[in-house]
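Student: Just run18.tsv, nothing more (TSV, C-alpha atoms):
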```
chain	number	residue	atom	x	y	z
A	1	MET	CA	-4.94	161.32	65.38
A	2	GLU	CA	-2.04	159.21	66.52
A	3	ILE	CA	-2.62	157.31	69.76
A	4	PRO	CA	0.44	155.51	71.18
A	5	GLU	CA	0.01	151.78	71.80
A	6	SER	CA	1.12	152.08	75.42
A	7	VAL	CA	-1.71	154.55	76.02
A	8	LYS	CA	-4.33	152.28	74.46
A	9	LYS	CA	-3.34	149.39	76.73
A	10	ARG	CA	-3.69	151.35	79.96
A	11	LEU	CA	-6.87	153.28	79.27
A	12	THR	CA	-10.16	151.95	80.59
A	13	LEU	CA	-12.09	153.65	77.79
A	14	PRO	CA	-11.74	153.33	74.01
A	15	ALA	CA	-8.90	155.62	72.96
A	16	GLU	CA	-10.28	156.90	69.63
A	17	GLU	CA	-11.75	160.37	69.70
A	18	HIS	CA	-14.57	161.21	67.33
A	19	PHE	CA	-15.73	164.36	69.08
A	20	TYR	CA	-13.73	167.46	68.21
A	21	ALA	CA	-12.97	170.50	70.34
A	22	GLY	CA	-13.96	173.99	69.28
A	23	HIS	CA	-17.65	173.46	70.05
A	24	THR	CA	-19.65	176.19	71.74
A	25	ALA	CA	-20.84	174.38	74.88
A	26	CYS	CA	-20.64	176.16	78.21
A	27	GLN	CA	-17.63	175.55	80.44
A	28	GLY	CA	-18.10	172.28	82.32
A	29	CYS	CA	-21.04	171.08	80.18
A	30	GLY	CA	-22.22	167.57	81.01
A	31	ALA	CA	-24.05	167.11	77.69
A	32	SER	CA	-20.94	167.60	75.56
A	33	LEU	CA	-19.07	165.11	77.75
A	34	GLY	CA	-21.89	162.58	77.30
A	35	LEU	CA	-21.82	162.97	73.52
A	36	ARG	CA	-18.05	162.45	73.59
A	37	TYR	CA	-18.56	159.11	75.39
A	38	VAL	CA	-21.27	158.00	72.96
A	39	LEU	CA	-18.95	158.55	70.01
A	40	LYS	CA	-16.09	156.80	71.78
A	41	ALA	CA	-18.27	153.73	72.18
A	42	TYR	CA	-19.78	153.68	68.69
A	43	GLY	CA	-17.17	155.24	66.42
A	44	LYS	CA	-17.66	156.66	62.94
A	45	LYS	CA	-20.29	154.22	61.74
A	46	THR	CA	-23.08	156.05	63.52
A	47	ILE	CA	-26.08	158.13	62.52
A	48	VAL	CA	-26.95	160.54	65.34
A	49	THR	CA	-30.29	162.33	65.41
A	50	ILE	CA	-30.43	165.53	67.44
A	51	PRO	CA	-33.66	167.48	67.99
A	52	ALA	CA	-33.89	171.11	69.11
A	53	CYS	CA	-31.90	171.26	72.37
A	54	CYS	CA	-28.55	172.47	73.66
A	55	SER	CA	-26.81	169.79	71.64
A	56	THR	CA	-28.14	171.28	68.42
A	57	ILE	CA	-25.69	174.13	68.77
A	58	ILE	CA	-22.98	172.10	70.51
A	59	ALA	CA	-22.85	169.79	67.51
A	60	GLY	CA	-21.94	172.76	65.38
A	61	ALA	CA	-23.40	175.85	63.84
A	62	TRP	CA	-23.60	175.52	60.04
A	63	PRO	CA	-21.33	174.90	58.18
A	64	TYR	CA	-19.14	173.42	60.90
A	65	SER	CA	-19.65	170.09	62.58
A	66	THR	CA	-18.23	168.81	65.85
A	67	LEU	CA	-18.89	165.14	65.27
A	68	ASP	CA	-16.90	162.70	63.21
A	69	ALA	CA	-20.10	160.82	62.44
A	70	ASN	CA	-23.31	161.36	60.51
A	71	LEU	CA	-25.68	163.87	62.07
A	72	PHE	CA	-29.30	164.63	61.38
A	73	HIS	CA	-30.91	167.71	62.89
A	74	THR	CA	-34.63	167.34	63.38
A	75	ALA	CA	-37.66	169.06	64.92
A	76	PHE	CA	-38.18	169.13	68.67
A	77	GLU	CA	-40.67	166.30	69.18
A	78	THR	CA	-39.61	163.95	66.42
A	79	THR	CA	-36.52	162.10	67.67
A	80	GLY	CA	-38.33	158.80	68.22
A	81	ALA	CA	-40.03	159.03	64.83
A	82	VAL	CA	-36.87	159.97	62.93
A	83	ILE	CA	-34.71	157.16	64.31
A	84	SER	CA	-37.53	154.73	63.48
A	85	GLY	CA	-37.54	155.98	59.92
A	86	ILE	CA	-33.75	155.90	59.52
A	87	GLU	CA	-33.59	152.36	60.88
A	88	ALA	CA	-36.38	151.18	58.56
A	89	ALA	CA	-34.70	152.82	55.56
A	90	LEU	CA	-31.32	151.22	56.33
A	91	LYS	CA	-32.94	147.81	56.59
A	92	ALA	CA	-34.85	148.33	53.33
A	93	LEU	CA	-31.54	149.18	51.62
A	94	GLY	CA	-29.97	146.01	52.97
A	95	TYR	CA	-27.56	147.43	55.61
A	96	LYS	CA	-26.88	145.68	58.88
A	97	VAL	CA	-28.18	147.70	61.84
A	98	LYS	CA	-26.84	147.18	65.41
A	99	GLY	CA	-24.60	144.24	66.24
A	100	GLU	CA	-20.84	143.97	65.82
A	101	ASP	CA	-20.16	145.78	62.53
A	102	GLY	CA	-23.56	147.27	61.96
A	103	VAL	CA	-24.53	150.90	61.56
A	104	MET	CA	-25.61	152.39	64.88
A	105	VAL	CA	-28.70	154.61	64.87
A	106	VAL	CA	-28.70	156.86	67.93
A	107	GLY	CA	-31.27	159.42	69.06
A	108	TRP	CA	-29.65	162.00	71.36
A	109	ALA	CA	-32.40	164.10	72.94
A	110	GLY	CA	-32.68	166.26	76.03
A	111	ASP	CA	-35.12	165.83	78.88
A	112	GLY	CA	-37.51	168.38	77.37
A	113	GLY	CA	-37.53	166.62	74.03
A	114	THR	CA	-38.15	163.25	75.66
A	115	ALA	CA	-40.15	163.57	78.87
A	116	ASP	CA	-42.47	166.29	77.67
A	117	ILE	CA	-42.98	166.88	74.00
A	118	GLY	CA	-41.16	163.84	72.68
A	119	LEU	CA	-43.03	161.22	74.69
A	120	GLN	CA	-45.45	160.19	71.93
A	121	ALA	CA	-42.73	159.55	69.37
A	122	LEU	CA	-40.63	157.72	71.96
A	123	SER	CA	-43.55	155.48	72.88
A	124	GLY	CA	-44.18	154.66	69.24
A	125	PHE	CA	-40.52	153.88	68.66
A	126	LEU	CA	-40.38	151.54	71.68
A	127	GLU	CA	-43.63	149.81	70.86
A	128	ARG	CA	-42.79	149.07	67.21
A	129	GLY	CA	-39.49	147.43	68.15
A	130	HIS	CA	-36.90	149.20	65.97
A	131	ASP	CA	-33.20	148.35	66.33
A	132	ALA	CA	-31.95	151.73	67.55
A	133	VAL	CA	-30.72	153.37	70.74
A	134	TYR	CA	-32.48	156.32	72.33
A	135	ILE	CA	-30.34	158.29	74.79
A	136	MET	CA	-31.97	160.98	76.91
A	137	TYR	CA	-29.45	163.33	78.49
A	138	ASP	CA	-31.07	164.77	81.57
A	139	ASN	CA	-30.04	168.28	82.64
A	140	GLU	CA	-33.42	168.72	84.35
A	141	ALA	CA	-34.78	171.77	82.52
A	142	TYR	CA	-35.16	173.35	79.06
A	143	MET	CA	-31.65	174.79	79.19
A	144	ASN	CA	-31.26	175.95	75.61
A	145	THR	CA	-34.10	178.48	75.80
A	146	GLY	CA	-33.00	179.87	79.16
A	147	ILE	CA	-33.62	177.43	81.99
A	148	GLN	CA	-37.37	176.78	81.92
A	149	ARG	CA	-38.79	173.93	83.99
A	150	SER	CA	-39.46	170.56	82.39
A	151	GLY	CA	-41.16	167.40	83.60
A	152	SER	CA	-37.76	166.24	84.74
A	153	THR	CA	-37.09	169.18	87.09
A	154	PRO	CA	-36.86	168.05	90.73
A	155	TYR	CA	-38.88	169.35	93.65
A	156	GLY	CA	-37.72	172.70	95.02
A	157	ALA	CA	-35.56	173.74	92.07
A	158	TRP	CA	-35.30	177.29	90.83
A	159	THR	CA	-36.03	177.85	87.16
A	160	THR	CA	-37.22	180.91	85.31
A	161	ASN	CA	-40.76	179.47	85.43
A	162	THR	CA	-40.44	178.80	89.17
A	163	PRO	CA	-38.45	181.80	90.34
A	164	GLY	CA	-38.94	181.61	94.11
A	165	GLY	CA	-39.33	185.14	95.38
A	166	LYS	CA	-41.64	186.44	98.10
A	167	LYS	CA	-44.38	183.90	97.38
A	168	HIS	CA	-41.83	181.05	97.50
A	169	PHE	CA	-42.94	179.87	94.05
A	170	LEU	CA	-40.48	177.02	93.45
A	171	GLU	CA	-40.99	173.77	91.56
A	172	LYS	CA	-43.77	171.91	93.34
A	173	ARG	CA	-43.92	168.68	91.36
A	174	HIS	CA	-41.57	165.74	91.66
A	175	LYS	CA	-39.26	164.52	88.92
A	176	LYS	CA	-41.04	162.56	86.20
A	177	LYS	CA	-39.81	158.95	86.10
A	178	VAL	CA	-39.27	158.52	82.38
A	179	ILE	CA	-37.33	155.32	82.95
A	180	ASP	CA	-40.44	153.73	84.50
A	181	ILE	CA	-42.57	154.77	81.52
A	182	VAL	CA	-40.01	153.19	79.20
A	183	ILE	CA	-39.80	149.98	81.22
A	184	ALA	CA	-43.59	149.69	81.04
A	185	HIS	CA	-43.15	149.05	77.30
A	186	GLU	CA	-41.15	145.92	78.24
A	187	ILE	CA	-38.25	146.54	75.87
A	188	PRO	CA	-35.17	144.27	75.85
A	189	TYR	CA	-32.79	146.79	77.46
A	190	ALA	CA	-33.12	150.02	79.46
A	191	ALA	CA	-30.63	151.63	81.84
A	192	THR	CA	-29.67	154.79	83.67
A	193	ALA	CA	-26.14	156.18	83.54
A	194	SER	CA	-24.17	159.14	84.83
A	195	ASP	CA	-21.36	161.32	83.49
A	196	ALA	CA	-19.30	160.61	86.59
A	197	TYR	CA	-19.12	156.87	85.79
A	198	PRO	CA	-17.94	156.80	82.18
A	199	GLU	CA	-16.74	153.18	82.08
A	200	ASP	CA	-20.17	152.08	83.27
A	201	PHE	CA	-21.88	154.29	80.66
A	202	ILE	CA	-19.73	152.90	77.84
A	203	ARG	CA	-20.38	149.35	79.01
A	204	LYS	CA	-24.12	150.02	78.85
A	205	LEU	CA	-23.77	151.55	75.38
A	206	LYS	CA	-21.96	148.46	74.15
A	207	LYS	CA	-24.62	146.26	75.70
A	208	ALA	CA	-27.30	148.26	73.93
A	209	GLN	CA	-25.36	147.76	70.69
A	210	ASN	CA	-25.40	144.00	71.08
A	211	THR	CA	-29.03	143.65	72.19
A	212	PRO	CA	-31.49	143.48	69.28
A	213	GLY	CA	-34.57	145.64	69.61
A	214	PRO	CA	-35.06	149.13	71.03
A	215	SER	CA	-32.77	150.34	73.83
A	216	PHE	CA	-33.10	153.35	76.10
A	217	ILE	CA	-30.47	154.99	78.31
A	218	GLN	CA	-31.11	157.96	80.58
A	219	LEU	CA	-27.90	159.92	81.19
A	220	PHE	CA	-27.48	162.34	84.09
A	221	ALA	CA	-25.69	165.39	82.62
A	222	PRO	CA	-24.95	168.33	84.94
A	223	CYS	CA	-25.43	171.88	83.67
A	224	PRO	CA	-23.43	174.52	85.60
A	225	THR	CA	-25.25	177.37	83.87
A	226	GLY	CA	-28.76	176.21	84.71
A	227	TRP	CA	-27.99	174.69	88.10
A	228	ARG	CA	-25.96	177.71	89.25
A	229	SER	CA	-23.04	175.50	90.28
A	230	PRO	CA	-19.29	176.12	89.88
A	231	THR	CA	-18.03	174.88	86.53
A	232	ASP	CA	-15.38	172.65	88.07
A	233	LYS	CA	-17.83	170.74	90.25
A	234	SER	CA	-19.90	169.19	87.43
A	235	ILE	CA	-18.47	165.69	87.74
A	236	GLU	CA	-18.55	165.81	91.54
A	237	ILE	CA	-22.24	166.74	91.48
A	238	ALA	CA	-22.96	163.87	89.10
A	239	ARG	CA	-21.13	161.51	91.45
A	240	LEU	CA	-23.01	162.80	94.50
A	241	ALA	CA	-26.33	162.40	92.70
A	242	VAL	CA	-25.63	158.67	92.46
A	243	GLN	CA	-24.19	158.32	95.96
A	244	THR	CA	-27.21	159.99	97.61
A	245	ALA	CA	-29.56	157.64	95.64
A	246	TYR	CA	-31.15	160.69	94.00
A	247	PHE	CA	-30.27	159.15	90.61
A	248	PRO	CA	-29.48	155.46	91.15
A	249	LEU	CA	-27.81	153.54	88.33
A	250	PHE	CA	-29.62	150.40	87.36
A	251	GLU	CA	-30.38	148.22	84.34
A	252	TYR	CA	-33.54	146.55	83.13
A	253	GLU	CA	-32.83	143.56	80.91
A	254	ASN	CA	-35.45	141.04	79.77
A	255	GLY	CA	-37.76	141.69	82.71
A	256	LYS	CA	-35.07	141.71	85.41
A	257	TYR	CA	-33.83	144.70	87.40
A	258	LYS	CA	-30.20	145.02	88.47
A	259	ILE	CA	-28.94	147.88	90.63
A	260	ASN	CA	-25.36	149.03	89.85
A	261	MET	CA	-24.84	152.01	92.17
A	262	PRO	CA	-25.14	153.01	95.03
A	263	SER	CA	-24.48	149.93	97.09
A	264	THR	CA	-27.58	148.40	98.68
A	265	LYS	CA	-25.60	147.22	101.68
A	266	LYS	CA	-25.21	150.63	103.32
A	267	GLU	CA	-27.20	153.83	103.70
A	268	PRO	CA	-26.89	156.36	100.89
A	269	LYS	CA	-25.57	159.81	101.75
A	270	PRO	CA	-28.11	162.48	102.88
A	271	ILE	CA	-29.61	164.60	100.11
A	272	GLU	CA	-27.95	167.77	101.46
A	273	GLU	CA	-24.68	166.51	100.01
A	274	PHE	CA	-26.18	166.70	96.55
A	275	LEU	CA	-27.84	170.08	97.14
A	276	LYS	CA	-24.87	171.91	98.62
A	277	TYR	CA	-23.04	172.97	95.44
A	278	GLN	CA	-26.10	173.98	93.42
A	279	GLY	CA	-27.42	177.52	93.53
A	280	ARG	CA	-30.80	176.47	92.18
A	281	PHE	CA	-31.65	174.81	95.51
A	282	LYS	CA	-30.69	177.68	97.79
A	283	TYR	CA	-34.27	178.94	98.20
A	284	MET	CA	-35.47	175.66	99.71
A	285	THR	CA	-36.66	175.69	103.32
A	286	LYS	CA	-36.06	172.85	105.76
A	287	GLU	CA	-39.53	171.46	104.98
A	288	ASP	CA	-38.77	171.42	101.26
A	289	ILE	CA	-35.53	169.52	101.81
A	290	GLN	CA	-37.41	167.05	104.00
A	291	ILE	CA	-40.01	166.49	101.27
A	292	LEU	CA	-37.28	165.89	98.70
A	293	GLN	CA	-35.46	163.49	101.04
A	294	GLU	CA	-38.69	161.53	101.58
A	295	TRP	CA	-39.25	161.26	97.84
A	296	VAL	CA	-35.68	160.01	97.32
A	297	ASN	CA	-36.11	157.44	100.12
A	298	HIS	CA	-39.45	156.26	98.73
A	299	GLU	CA	-38.11	155.81	95.19
A	300	TRP	CA	-34.92	154.10	96.39
A	301	GLU	CA	-36.88	151.65	98.54
A	302	ARG	CA	-39.24	150.93	95.65
A	303	LEU	CA	-36.31	150.22	93.34
A	304	GLN	CA	-34.68	147.90	95.86
A	305	LYS	CA	-37.95	145.96	96.25
A	306	LEU	CA	-38.30	145.68	92.46
A	307	ALA	CA	-34.74	144.36	92.25
A	308	GLU	CA	-35.53	141.76	94.90
A	309	VAL	CA	-38.77	140.54	93.33
A	310	PHE	CA	-37.76	140.79	89.65
A	311	GLY	CA	-33.98	140.35	90.11
B	1	MET	CA	6.17	166.77	73.28
B	2	ALA	CA	3.44	165.44	71.06
B	3	GLU	CA	1.78	167.62	68.50
B	4	SER	CA	-1.82	168.70	68.89
B	5	PRO	CA	-4.11	166.15	67.27
B	6	PHE	CA	-6.26	168.94	65.85
B	7	LYS	CA	-3.53	170.69	63.83
B	8	ALA	CA	-3.92	168.48	60.75
B	9	ASP	CA	-7.70	168.95	60.92
B	10	ILE	CA	-7.41	172.73	60.90
B	11	GLU	CA	-5.34	172.63	57.73
B	12	ARG	CA	-7.77	170.23	56.08
B	13	VAL	CA	-10.78	172.40	56.93
B	14	GLY	CA	-9.04	175.49	55.62
B	15	LYS	CA	-8.44	173.77	52.31
B	16	GLU	CA	-11.80	172.08	51.85
B	17	TYR	CA	-14.23	174.66	53.18
B	18	SER	CA	-15.80	177.06	50.74
B	19	GLU	CA	-18.46	179.73	51.10
B	20	LYS	CA	-20.83	178.07	48.63
B	21	MET	CA	-24.18	176.89	49.92
B	22	THR	CA	-24.60	173.11	49.58
B	23	PRO	CA	-27.89	171.45	48.52
B	24	GLY	CA	-30.04	170.92	51.60
B	25	ALA	CA	-27.55	172.94	53.68
B	26	ILE	CA	-25.51	169.81	54.35
B	27	ALA	CA	-22.30	170.36	56.30
B	28	THR	CA	-19.80	168.17	54.49
B	29	ILE	CA	-16.69	168.32	56.63
B	30	PRO	CA	-16.80	166.30	59.90
B	31	GLY	CA	-14.87	167.75	62.78
B	32	SER	CA	-14.63	171.18	61.19
B	33	SER	CA	-15.44	172.98	64.44
B	34	VAL	CA	-11.70	172.90	65.21
B	35	ILE	CA	-11.21	176.20	63.45
B	36	ASN	CA	-13.09	177.86	66.31
B	37	LYS	CA	-10.37	178.27	68.93
B	38	THR	CA	-12.31	178.45	72.18
B	39	GLY	CA	-9.17	179.04	74.25
B	40	SER	CA	-9.97	182.74	74.15
B	41	TRP	CA	-12.95	182.11	76.46
B	42	ARG	CA	-11.07	181.31	79.59
B	43	VAL	CA	-10.22	183.33	82.66
B	44	PHE	CA	-8.40	180.61	84.60
B	45	MET	CA	-5.99	178.17	83.01
B	46	PRO	CA	-4.77	174.76	84.24
B	47	GLU	CA	-1.13	174.67	85.31
B	48	PHE	CA	0.34	171.18	85.14
B	49	ASN	CA	3.01	169.85	87.52
B	50	ARG	CA	4.55	166.82	85.80
B	51	ASP	CA	6.35	165.60	88.94
B	52	LYS	CA	3.13	165.06	90.89
B	53	CYS	CA	1.27	163.31	88.06
B	54	VAL	CA	0.64	159.59	88.56
B	55	ARG	CA	-0.90	159.08	85.08
B	56	CYS	CA	-4.34	158.05	86.31
B	57	TYR	CA	-5.88	159.68	83.16
B	58	LEU	CA	-8.85	161.16	85.04
B	59	CYS	CA	-8.20	164.62	83.54
B	60	TYR	CA	-8.19	163.12	80.04
B	61	ILE	CA	-11.37	161.12	80.70
B	62	TYR	CA	-13.40	163.99	82.17
B	63	CYS	CA	-12.46	166.94	79.94
B	64	PRO	CA	-15.67	168.06	78.12
B	65	GLU	CA	-13.95	169.66	75.10
B	66	PRO	CA	-11.74	167.43	74.90
B	67	ALA	CA	-8.69	169.66	75.33
B	68	ILE	CA	-6.38	167.10	76.93
B	69	TYR	CA	-4.59	164.37	75.00
B	70	LEU	CA	-1.86	161.89	75.94
B	71	ASP	CA	1.71	161.87	74.64
B	72	GLU	CA	4.10	158.97	74.07
B	73	GLU	CA	5.09	158.73	77.73
B	74	ASN	CA	1.41	158.67	78.77
B	75	PHE	CA	1.48	162.10	80.44
B	76	PRO	CA	-1.39	164.49	79.71
B	77	VAL	CA	-0.79	167.42	77.39
B	78	PHE	CA	-3.09	170.45	77.63
B	79	ASP	CA	-4.25	172.03	74.42
B	80	TYR	CA	-4.49	175.70	75.34
B	81	ASP	CA	-6.01	176.57	71.97
B	82	TYR	CA	-9.28	174.96	73.10
B	83	CYS	CA	-9.23	174.82	76.91
B	84	LYS	CA	-12.13	176.88	78.26
B	85	GLY	CA	-10.80	176.91	81.82
B	86	CYS	CA	-13.73	175.08	83.42
B	87	GLY	CA	-11.51	173.50	86.07
B	88	ILE	CA	-12.92	169.95	86.02
B	89	CYS	CA	-9.41	168.51	85.51
B	90	ALA	CA	-8.06	170.36	88.55
B	91	ASN	CA	-11.03	169.31	90.67
B	92	GLU	CA	-10.73	165.62	89.73
B	93	CYS	CA	-6.94	165.27	89.92
B	94	PRO	CA	-6.18	163.05	92.95
B	95	THR	CA	-2.62	164.32	93.52
B	96	ASP	CA	-3.23	168.06	92.92
B	97	ALA	CA	-0.90	168.04	89.94
B	98	ILE	CA	-3.20	170.53	88.19
B	99	ILE	CA	-3.89	173.95	89.66
B	100	MET	CA	-6.11	176.63	88.15
B	101	VAL	CA	-4.27	179.95	87.96
B	102	ARG	CA	-5.55	183.26	86.74
B	103	GLU	CA	-4.35	183.84	83.22
B	104	SER	CA	-2.40	187.01	82.53
B	105	LYS	CA	-2.72	188.11	78.92
```
What do you get writing this file as structure tokens?
Tutor:
Amino acid sequence: MEIPESVKKRLTLPAEEHFYAGHTACQGCGASLGLRYVLKAYGKKTIVTIPACCSTIIAGAWPYSTLDANLFHTAFETTGAVISGIEAALKALGYKVKGEDGVMVVGWAGDGGTADIGLQALSGFLERGHDAVYIMYDNEAYMNTGIQRSGSTPYGAWTTNTPGGKKHFLEKRHKKKVIDIVIAHEIPYAATASDAYPEDFIRKLKKAQNTPGPSFIQLFAPCPTGWRSPTDKSIEIARLAVQTAYFPLFEYENGKYKINMPSTKKEPKPIEEFLKYQGRFKYMTKEDIQILQEWVNHEWERLQKLAEVFG
Amino acid sequence: MAESPFKADIERVGKEYSEKMTPGAIATIPGSSVINKTGSWRVFMPEFNRDKCVRCYLCYIYCPEPAIYLDEENFPVFDYDYCKGCGICANECPTDAIIMVRESK
């Protein structure tokens, strides 16, 4: 499509669009927005691997396709294995993978397909050192099958597995830190990103493109359907998640931590700011909110200390 | 007023798509989801006030479809064939140039 030159000069993002409308995502879906940014950063010369998740149907029911790039649907737990295989096959055929003009191999999996069932394949992919990018979009539950809890669901959240009710049966385990598991493999580049900071996300994607070896990015993607939030507040919730230090943005590059957001010089906002728009947190008591706030404080302090020691 | 960027794609898909099953069930036409006009989903629609717009592009950046594109004068144009009425553009606009109004059909 025609993009005027004056527009290209003033935009802070790449202007080309390789993600087409007409897809069947919910209104205000954070995952479809994330996939749009990935294709803006990488363009047509991309092979995207999508396991069973919400994005399977967002990327198009057969025979239609939403992406202007190559797409490979695969089984639920196999994203890490499939991108390893595609990257090895491209190299055996003599193509250039990653780098300036190389083919980009991207695994786009949800939090269920990464933190829970996909962890073995991810670990193998990171350990063998393939030149591909694994992006986990985190909507904090198994949304495609009807909002079941995953390892990435935070404390106190309502899901269909943790429905609250008279016995107050909410999620009792804290959010699994997949980014720490990935950093333990000591890969060249790992980062967290958020839908509300797209320029930062695209900068991290480009950095992953130019860093040889495996890369991992965890993207915070709000889901209005599963989180019971208004559809127009998706980006605001993603921004508040970063500003309350619930989901801080940081990078791990060659053994050094670097915190991007929120600023370490002032106190982050209280966690109630993040909880206020989401219906899934309305069953929490004051004690539950206190427990969640203590977890957020503990993790934020730990990250700041890591950035000081390994900065 | 610029033309919708998806119009040419809809014509192309109409010409190239056929009912025949392909080997391995490969979908051969990229971007063919444009024939599904999701504009029929919405209840609220964005109403744009060009005088208040300061061309910050936040609506264009944050639209999940994307159903907003930019014309030659750098103002946003709303593609009502695909807009699902989620309201993110109205919520993010810093000058309230976009208001969600109930659509009357």
Student: Given a cut-off of 7 Å, which residues of chain A touch chain B, counting all atoms listed in the file, written out as a ChimeraX atom specification?
Tutor: /A:1,4,7,20-23,27-29,32-33,60,62-69,231-233
Student: Give the answer as one residue: which of A:Leu249, A:Pro212, A:Lys258, A:Gln293 has the shortest atom-to-atom distance to A:Pro270, using all atoms listed in the file?
Tutor: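 The closest residue to A:Pro270 is A:Gln293.
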Student: Pull the neighbourhood of (-43.0, 154.7, 71.7) for me: all residues within 12 Å in file coordinates, counting all atoms listed in the file, as JSON, numbers by chain.
Tutor: {"A": [78, 79, 80, 81, 82, 83, 84, 114, 115, 118, 119, 120, 121, 122, 123, 124, 125, 126, 127, 128, 129, 130, 134, 178, 181, 182, 183, 184, 185, 186, 187, 214, 215, 216]}
Student: Using all atoms listed in the file, give me every residue within 8 Å of (-25.6, 144.1, 69.3) in file coordinates, as a list of chain:residue names.
Tutor: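 Output of the proximity query reads A:Lys98, A:Gly99, A:Glu100, A:Lys206, A:Lys207, A:Ala208, A:Gln209, A:Asn210, A:Thr211, A:Pro212.
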Student: Could you work out how far atom CA of A:Glu308 lies from atom CA of A:Asn254, giving the answer in Å with one decimal?
Tutor: 15.1 Å
Student: Which residues are near A:His174? Cut-off 8 Å, all atoms listed in the file, ignore same chain within fewer than 3 positions. Put them as a PDB file with C-alpha atoms, in the frame of the given file.
Tutor:
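This went into part.pdb:
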```pdb
ATOM      1  CA  SER A 152     -37.760 166.240  84.740  1.00  0.00           C
ATOM      2  CA  THR A 153     -37.090 169.180  87.090  1.00  0.00           C
ATOM      3  CA  PRO A 154     -36.860 168.050  90.730  1.00  0.00           C
ATOM      4  CA  TYR A 155     -38.880 169.350  93.650  1.00  0.00           C
ATOM      5  CA  TRP A 295     -39.250 161.260  97.840  1.00  0.00           C
TER       6      TRP A 295
END
```
Student: Near A:Phe201, within 9 Å and counting only C-alpha atoms, which residues show up once chain neighbours fewer than 3 positions away are dropped, as a tab-separated table (two decimals) with C-alpha atoms, in the frame of the given file?
Tutor:
```tsv
chain	number	residue	atom	x	y	z
A	34	GLY	CA	-21.89	162.58	77.30
A	37	TYR	CA	-18.56	159.11	75.39
A	38	VAL	CA	-21.27	158.00	72.96
A	192	THR	CA	-29.67	154.79	83.67
A	193	ALA	CA	-26.14	156.18	83.54
A	194	SER	CA	-24.17	159.14	84.83
A	195	ASP	CA	-21.36	161.32	83.49
A	197	TYR	CA	-19.12	156.87	85.79
A	198	PRO	CA	-17.94	156.80	82.18
A	204	LYS	CA	-24.12	150.02	78.85
A	205	LEU	CA	-23.77	151.55	75.38
A	206	LYS	CA	-21.96	148.46	74.15
A	217	ILE	CA	-30.47	154.99	78.31
A	219	LEU	CA	-27.90	159.92	81.19
```
Student: Write out as a list in words which residues come within 10 Å of A:Tyr142 when counting only C-alpha atoms, dropping same-chain ones fewer than 6 positions away.
Tutor: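 The filter keeps Cys53, Cys54, Gly110, Asp111, Gly112, Gly113, Gln148, Arg149, Ser150, Gly151, Ser152, Thr153, Thr159 and Gly226 of chain A.
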Student: With only C-alpha atoms as the atoms that count, which of A:Met284, A:Ala89, A:Ala75, A:Met261 lies nearest to A:Ala52?
Tutor: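 For A:Ala52, the nearest of the given residues is A:Ala75.
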Student: I'd like the interatomic distance between atom CA of B:Ile99 and atom CA of B:Tyr80, to a tenth of an Å.
Tutor: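 These two atoms are separated by 14.4 Å.
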Student: One decimal, in Å: what's the spacing between atom CA of A:Lys276 and atom CA of A:Met143?
Tutor: 20.8 Å
